[in-house]
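Trainee: See coords.cif below, with mmCIF, C-alpha atoms.
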```
data_upload
loop_
_atom_site.label_atom_id
_atom_site.label_comp_id
_atom_site.auth_asym_id
_atom_site.auth_seq_id
_atom_site.Cartn_x
_atom_site.Cartn_y
_atom_site.Cartn_z
CA SER Z 13 -26.18 8.03 6.51
CA THR Z 14 -28.85 7.44 3.86
CA LEU Z 15 -29.94 11.08 4.23
CA ALA Z 16 -28.43 14.06 2.39
CA HIS Z 17 -29.26 17.72 2.97
CA PHE Z 18 -28.30 20.51 0.59
CA PHE Z 19 -28.67 24.27 1.04
CA MET Z 20 -28.30 26.69 -1.87
CA MET Z 21 -27.74 30.42 -1.71
CA ASP Z 22 -30.71 32.30 -3.13
CA THR Z 23 -29.33 33.57 -6.45
CA VAL Z 24 -32.50 33.14 -8.52
CA GLY Z 25 -34.67 35.94 -7.12
CA GLU Z 26 -38.20 35.96 -5.76
CA ASN Z 27 -39.82 34.22 -8.72
CA GLY Z 28 -36.95 31.89 -9.60
CA TYR Z 29 -36.44 28.30 -8.58
CA PHE Z 30 -33.90 25.50 -8.58
CA GLU Z 31 -33.73 22.23 -10.49
CA TYR Z 32 -31.70 19.20 -9.49
CA LEU Z 33 -30.73 15.74 -10.65
CA ILE Z 34 -29.66 12.77 -8.53
CA ASP Z 35 -27.15 10.28 -9.91
CA ASP Z 36 -28.14 9.07 -13.39
CA ALA Z 37 -31.65 10.55 -13.45
CA SER Z 38 -32.56 12.23 -16.76
CA GLU Z 39 -35.44 14.45 -15.60
CA TRP Z 40 -34.76 17.61 -13.61
CA VAL Z 41 -36.73 18.01 -10.37
CA LYS Z 42 -38.08 21.47 -9.56
CA SER Z 43 -37.56 22.97 -6.09
CA MET Z 44 -39.04 26.29 -4.97
CA THR Z 45 -36.92 26.36 -1.79
CA THR Z 46 -33.20 26.67 -1.12
CA ASP Z 47 -33.29 23.54 1.09
CA ILE Z 48 -33.29 20.12 -0.56
CA GLU Z 49 -33.35 16.95 1.53
CA LEU Z 50 -32.87 13.51 0.02
CA GLU Z 51 -33.91 10.36 1.88
CA ASN Z 52 -33.47 6.60 1.56
CA LEU Z 53 -30.30 6.80 -0.49
CA THR Z 54 -28.59 3.52 -1.25
CA GLU Z 55 -25.04 2.61 -0.29
CA GLY Z 56 -22.46 3.58 -2.88
CA LYS Z 57 -21.41 6.65 -4.87
CA HIS Z 58 -23.85 9.49 -5.54
CA SER Z 59 -23.90 12.77 -7.44
CA PHE Z 60 -26.10 15.83 -6.99
CA HIS Z 61 -26.50 18.32 -9.85
CA VAL Z 62 -28.28 21.62 -9.22
CA ARG Z 63 -28.96 24.67 -11.38
CA GLY Z 64 -30.88 27.91 -10.93
CA VAL Z 65 -33.72 29.12 -13.12
CA ARG Z 66 -34.48 32.84 -12.90
CA GLU Z 67 -37.74 34.70 -13.44
CA SER Z 68 -36.93 35.35 -17.08
CA ASN Z 69 -36.49 31.57 -17.53
CA VAL Z 70 -32.73 31.96 -17.83
CA THR Z 71 -31.13 28.69 -16.69
CA ASP Z 72 -27.60 28.30 -15.41
CA ALA Z 73 -25.50 26.97 -18.27
CA ILE Z 74 -23.27 24.87 -16.00
CA PRO Z 75 -24.90 23.10 -13.04
CA VAL Z 76 -23.09 22.78 -9.73
CA VAL Z 77 -22.11 19.17 -9.04
CA TYR Z 78 -21.44 17.56 -5.65
CA THR Z 79 -20.34 13.94 -5.32
CA TRP Z 80 -20.10 11.73 -2.24
CA GLU Z 81 -20.20 8.11 -1.15
CA ILE Z 82 -22.38 6.34 1.39
CA ASP Z 83 -20.47 3.57 3.15
CA SER Z 84 -21.96 1.83 6.18
CA THR Z 85 -20.14 -1.48 5.83
CA CYS Z 86 -17.71 -2.28 8.63
CA PRO Z 87 -14.26 -3.56 7.66
CA ASP Z 88 -13.07 -7.01 8.70
CA THR Z 89 -9.65 -7.37 10.35
CA LEU Z 90 -7.24 -10.30 10.13
CA ILE Z 91 -4.01 -11.05 11.98
CA ALA Z 92 -1.92 -12.60 9.19
CA VAL Z 93 1.30 -13.16 11.18
CA SER Z 94 1.58 -13.78 14.92
CA PRO Z 95 3.78 -15.68 17.43
CA SER Z 96 3.23 -19.34 18.29
CA ASP Z 97 0.83 -20.16 21.11
CA VAL Z 98 3.78 -20.79 23.45
CA THR Z 99 7.21 -19.21 23.12
CA HIS Z 100 10.09 -18.10 25.32
CA LEU Z 101 10.72 -15.04 23.15
CA ARG Z 102 9.98 -11.77 24.94
CA SER Z 103 9.28 -10.06 21.61
CA ALA Z 104 6.40 -10.62 19.21
CA GLU Z 105 5.65 -9.60 15.65
CA PHE Z 106 2.20 -9.14 14.15
CA VAL Z 107 1.03 -8.30 10.65
CA PHE Z 108 -2.49 -6.94 10.15
CA LYS Z 109 -4.76 -7.08 7.11
CA ALA Z 110 -8.22 -5.63 6.45
CA SER Z 111 -11.01 -6.27 3.99
CA LYS Z 112 -10.93 -2.63 2.83
CA PRO Z 113 -7.94 -0.93 1.17
CA ILE Z 114 -7.88 2.31 3.22
CA VAL Z 115 -8.09 1.79 6.97
CA THR Z 116 -6.41 2.74 10.21
CA TYR Z 117 -5.64 0.22 12.94
CA GLU Z 118 -6.07 0.22 16.72
CA TYR Z 119 -4.99 -2.49 19.12
CA GLN Z 120 -5.34 -3.60 22.72
CA LEU Z 121 -2.67 -5.51 24.62
CA PHE Z 122 -3.48 -7.41 27.81
CA SER Z 123 -0.74 -9.11 29.80
CA SER Z 124 -1.05 -11.34 32.87
CA ASN Z 125 1.26 -13.66 34.76
CA SER Z 126 -1.50 -16.27 34.98
CA THR Z 127 -3.20 -18.41 32.36
CA LEU Z 128 -6.60 -16.91 31.56
CA SER Z 129 -9.29 -17.74 29.06
CA PHE Z 130 -10.31 -15.08 26.59
CA ASP Z 131 -13.70 -14.67 28.31
CA GLU Z 132 -12.01 -13.96 31.65
CA VAL Z 133 -9.82 -11.10 30.47
CA GLY Z 134 -12.22 -8.14 30.56
CA LEU Z 135 -10.59 -6.36 27.62
CA ASP Z 136 -13.28 -3.69 27.62
CA ASP Z 137 -11.27 -1.94 30.34
CA VAL Z 138 -8.06 -1.95 28.27
CA PRO Z 139 -7.56 1.20 26.14
CA TRP Z 140 -7.32 1.03 22.36
CA LEU Z 141 -3.97 2.29 21.04
CA PRO Z 142 -3.41 3.61 17.51
CA SER Z 143 -1.01 1.79 15.24
CA SER Z 144 1.90 4.16 14.62
CA ASN Z 145 1.71 5.78 11.16
CA ASN Z 146 -1.15 3.41 10.31
CA ALA Z 147 1.37 0.58 9.94
CA THR Z 148 0.33 -3.01 9.26
CA LEU Z 149 3.36 -4.35 11.13
CA LEU Z 150 3.41 -4.25 14.93
CA GLN Z 151 6.47 -5.31 16.96
CA LEU Z 152 6.31 -5.73 20.73
CA TYR Z 153 9.33 -5.94 23.01
CA ASP Z 154 10.17 -6.67 26.66
CA LEU Z 155 7.10 -8.81 27.20
CA SER Z 156 6.73 -10.38 30.64
CA GLU Z 157 6.30 -14.08 31.27
CA GLY Z 158 2.70 -15.22 31.26
CA THR Z 159 -0.37 -14.86 29.10
CA HIS Z 160 -0.72 -12.09 26.53
CA ILE Z 161 -3.74 -11.21 24.41
CA LEU Z 162 -3.70 -8.79 21.51
CA ARG Z 163 -6.85 -7.53 19.83
CA VAL Z 164 -6.78 -5.41 16.68
CA ARG Z 165 -9.52 -3.65 14.78
CA SER Z 166 -9.61 -1.58 11.61
CA ILE Z 167 -11.47 1.68 10.98
CA ASP Z 168 -12.26 2.72 7.41
CA SER Z 169 -12.27 6.21 5.92
CA ALA Z 170 -16.02 6.57 6.57
CA GLY Z 171 -15.50 5.92 10.29
CA ASN Z 172 -16.93 2.39 10.28
CA ILE Z 173 -15.29 0.29 13.01
CA ASP Z 174 -14.76 -3.47 12.89
CA LEU Z 175 -17.20 -4.76 15.52
CA THR Z 176 -15.51 -8.17 15.76
CA PRO Z 177 -11.79 -7.43 16.30
CA ALA Z 178 -9.23 -10.09 15.48
CA TYR Z 179 -7.31 -11.44 18.45
CA LYS Z 180 -4.35 -13.61 19.35
CA LYS Z 181 -3.57 -15.26 22.69
CA TRP Z 182 -0.09 -16.56 23.44
CA VAL Z 183 2.10 -17.48 26.41
CA VAL Z 184 5.68 -16.38 27.09
CA ASP Z 185 7.40 -19.15 29.06
CA ARG Z 186 11.08 -18.58 29.84
CA GLY Z 187 11.48 -21.89 31.62
CA GLY Z 188 12.73 -23.70 28.55
CA VAL Z 189 10.09 -26.41 28.84
CA TYR Z 190 8.62 -25.80 25.41
CA GLY Z 191 11.75 -26.06 23.29
CA PRO Z 192 13.35 -23.43 21.02
CA PRO Z 193 11.89 -19.96 20.49
CA SER Z 194 9.09 -19.76 17.94
CA MET Z 195 9.20 -17.75 14.73
CA PRO Z 196 6.38 -16.71 12.40
CA THR Z 197 5.77 -19.34 9.75
CA ARG Z 198 3.88 -17.16 7.29
CA VAL Z 199 4.54 -13.56 6.29
CA GLU Z 200 1.91 -11.35 4.66
CA GLY Z 201 1.41 -7.59 4.54
CA SER Z 202 3.76 -4.65 4.87
CA GLY Z 203 4.41 -1.56 6.96
CA GLN Z 204 6.42 -0.63 9.97
CA ASP Z 205 5.52 -0.03 13.59
CA THR Z 206 7.42 0.11 16.85
CA VAL Z 207 6.07 -0.12 20.37
#
```
What would the structure in this file look like if it were written as structure tokens?
Mentor:
Amino acid sequence: STLAHFFMMDTVGENGYFEYLIDDASEWVKSMTTDIELENLTEGKHSFHVRGVRESNVTDAIPVVYTWEIDSTCPDTLIAVSPSDVTHLRSAEFVFKASKPIVTYEYQLFSSNSTLSFDEVGLDDVPWLPSSNNATLLQLYDLSEGTHILRVRSIDSAGNIDLTPAYKKWVVDRGGVYGPPSMPTRVEGSGQDTV
């Protein structure tokens, strides 16, 4: 939110007041109330300094400082490792990455014994599952034959959710028509997860 609201305990008396600074401002702003509301703050880190001034013009020697960060940018999620489009392996390994350093992951898994396009799946009805221990590695076992679709999204520490989840569609075919089992060809990321 670009809005910040601060409430101070009245320690300055009837004729006292408060002064505050925002970020790198050099001039103290006078406030006669214990409520201070700041609007139209920019994204990024902020600091709020406040001090009391009493009736005898005695000013607090050490202001109270509160720091926080405004972050409204959604993270972007990438599936760095995934199975081949067609495989007869009934297990699959995925490695996730995100554009922000501190995130949690959630995923959806849809399985069908028919070949479906991504638009036909209706993944909105499939629940999102948390990645165990916030791992970047997800391993799936005992997959059925047919089409599988995995979607994954990241959520940052400010609660911003990736609105365009990464996804992978692949087919498990045990008929042996497509040759030897596939293996990931590129490995990135770290972590551990078991489903």
Trainee: Which is closest to Leu90 (chain Z) among Z:Leu152, Z:Leu121, Z:Ile114, Z:Val164, if we use all atoms listed in the file?
Mentor: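 So, comparing all the options, the nearest one is Z:Val164.
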Trainee: Residues within 7 Å of region 59-71 of chain Z, please, as a list in words. Count only C-alpha atoms; anything in the same chain fewer than 3 positions from it doesn't count.
Mentor: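 Everything that qualifies: Val24, Gly25, Asn27, Gly28, Tyr29, Phe30, Glu31, Tyr32, Leu33, Ile34, Asp35, Pro75, Val76, Val77, Tyr78, Thr79 and Trp80 of chain Z.
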Trainee: Give me a file of those residues, with C-alpha atoms, as a compact mmCIF listing (two decimals), in the coordinates of the input.
Mentor:
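Result written to out_23.txt:
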```
# COMPACT_ATOMS: atom_id res chain seq x y z
CA VAL Z 24 -32.50 33.14 -8.52
CA GLY Z 25 -34.67 35.94 -7.12
CA ASN Z 27 -39.82 34.22 -8.72
CA GLY Z 28 -36.95 31.89 -9.60
CA TYR Z 29 -36.44 28.30 -8.58
CA PHE Z 30 -33.90 25.50 -8.58
CA GLU Z 31 -33.73 22.23 -10.49
CA TYR Z 32 -31.70 19.20 -9.49
CA LEU Z 33 -30.73 15.74 -10.65
CA ILE Z 34 -29.66 12.77 -8.53
CA ASP Z 35 -27.15 10.28 -9.91
CA PRO Z 75 -24.90 23.10 -13.04
CA VAL Z 76 -23.09 22.78 -9.73
CA VAL Z 77 -22.11 19.17 -9.04
CA TYR Z 78 -21.44 17.56 -5.65
CA THR Z 79 -20.34 13.94 -5.32
CA TRP Z 80 -20.10 11.73 -2.24
```
Trainee: Would you list the contacts of Phe19 (chain Z) as number ranges by chain, taking every protein, DNA or RNA residue within 7 Å and counting all atoms listed in the file, but skipping same-chain residues closer than 2 positions in sequence?
Mentor: Z: 17, 21, 46-48
Trainee: Apply the PyMOL selection byres ((chain Z and resi 100) around 6) to the file shown and report the selected residues as a compact mmCIF listing (two decimals) with C-alpha atoms, in the coordinates of the input.
Mentor:
```
# COMPACT_ATOMS: atom_id res chain seq x y z
CA THR Z 99 7.21 -19.21 23.12
CA LEU Z 101 10.72 -15.04 23.15
CA VAL Z 184 5.68 -16.38 27.09
CA ASP Z 185 7.40 -19.15 29.06
CA ARG Z 186 11.08 -18.58 29.84
CA PRO Z 193 11.89 -19.96 20.49
```
Trainee: For CA of Ala104 (chain Z) and CA of Ser143 (chain Z), quote the distance in Å rounded to one decimal.
Mentor: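 Separation of CA of Ala104 (chain Z) and CA of Ser143 (chain Z): 15.0 Å.
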Trainee: Residue by residue, what does the PyMOL selection byres ((chain Z and resi 154) around 9) grab here? Present the result as a ChimeraX atom specification.
Mentor: /Z:102-103,152-153,155-156
Trainee: For the point (-9.6, -4.7, 6.7) in file coordinates, what residues are within 6 Å, counting only C-alpha atoms? Give the answer as a list in words?
Mentor: Pro87, Asp88, Thr89, Lys109, Ala110, Ser111, Lys112 and Ser166 of chain Z
Trainee: Using only C-alpha atoms, determine which residues lie at most 8 Å from Glu105 (chain Z), disregarding the query and same-chain residues fewer than 4 positions distant; provide the list as a list of chain:residue names.
Mentor: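 Final neighbour list, sorted by chain and number: Z:Val93, Z:Ser94, Z:Pro95, Z:Leu149, Z:Leu150, Z:Gln151, Z:Leu152, Z:Pro196.
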Trainee: Please compute the CA of Ser84 (chain Z)-CA of Ala178 (chain Z) distance, one decimal, in Å.
Mentor: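 Value for the CA of Ser84 (chain Z)-CA of Ala178 (chain Z) distance: 19.8 Å.
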Trainee: Would you mind listing what lies within 7 Å of Glu81 (chain Z) as a ChimeraX atom specification, with only C-alpha atoms counted and same-chain residues fewer than 6 positions away left out?
Mentor: /Z:56-58
Trainee: How would you write, as a PyMOL selection string, the residues chosen by the PyMOL selection byres ((chain Z and resi 50-53) around 7) on this structure?
Mentor: chain Z and resi 14-17+48-49+54-55
Trainee: Keeping C-alpha atoms, export the residues of the selection given above as a tab-separated table (two decimals), in the coordinates of the input.
Mentor:
```
chain	number	residue	atom	x	y	z
Z	14	THR	CA	-28.85	7.44	3.86
Z	15	LEU	CA	-29.94	11.08	4.23
Z	16	ALA	CA	-28.43	14.06	2.39
Z	17	HIS	CA	-29.26	17.72	2.97
Z	48	ILE	CA	-33.29	20.12	-0.56
Z	49	GLU	CA	-33.35	16.95	1.53
Z	54	THR	CA	-28.59	3.52	-1.25
Z	55	GLU	CA	-25.04	2.61	-0.29
```
Trainee: By how many Å are CA of Asp174 (chain Z) and CA of Thr85 (chain Z) apart?
Mentor: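 Computing the Euclidean distance for CA of Asp174 (chain Z) and CA of Thr85 (chain Z) yields 9.1 Å.
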Trainee: Using all atoms listed in the file, can you list as a ChimeraX atom specification the residues within 9 Å of (-5.5, -12.5, 19.9)?
Mentor: /Z:91,94,121,130,160-164,177-182
Trainee: Show me, as JSON, the centre and edge lengths in Å to one decimal of the axis-aligned box that covers every listed atom of region 151-159 of chain Z with 8 Å on each side.
Mentor:
```
{"center_x": 4.9, "center_y": -10.3, "center_z": 24.1, "size_x": 26.5, "size_y": 25.9, "size_z": 30.3}
```
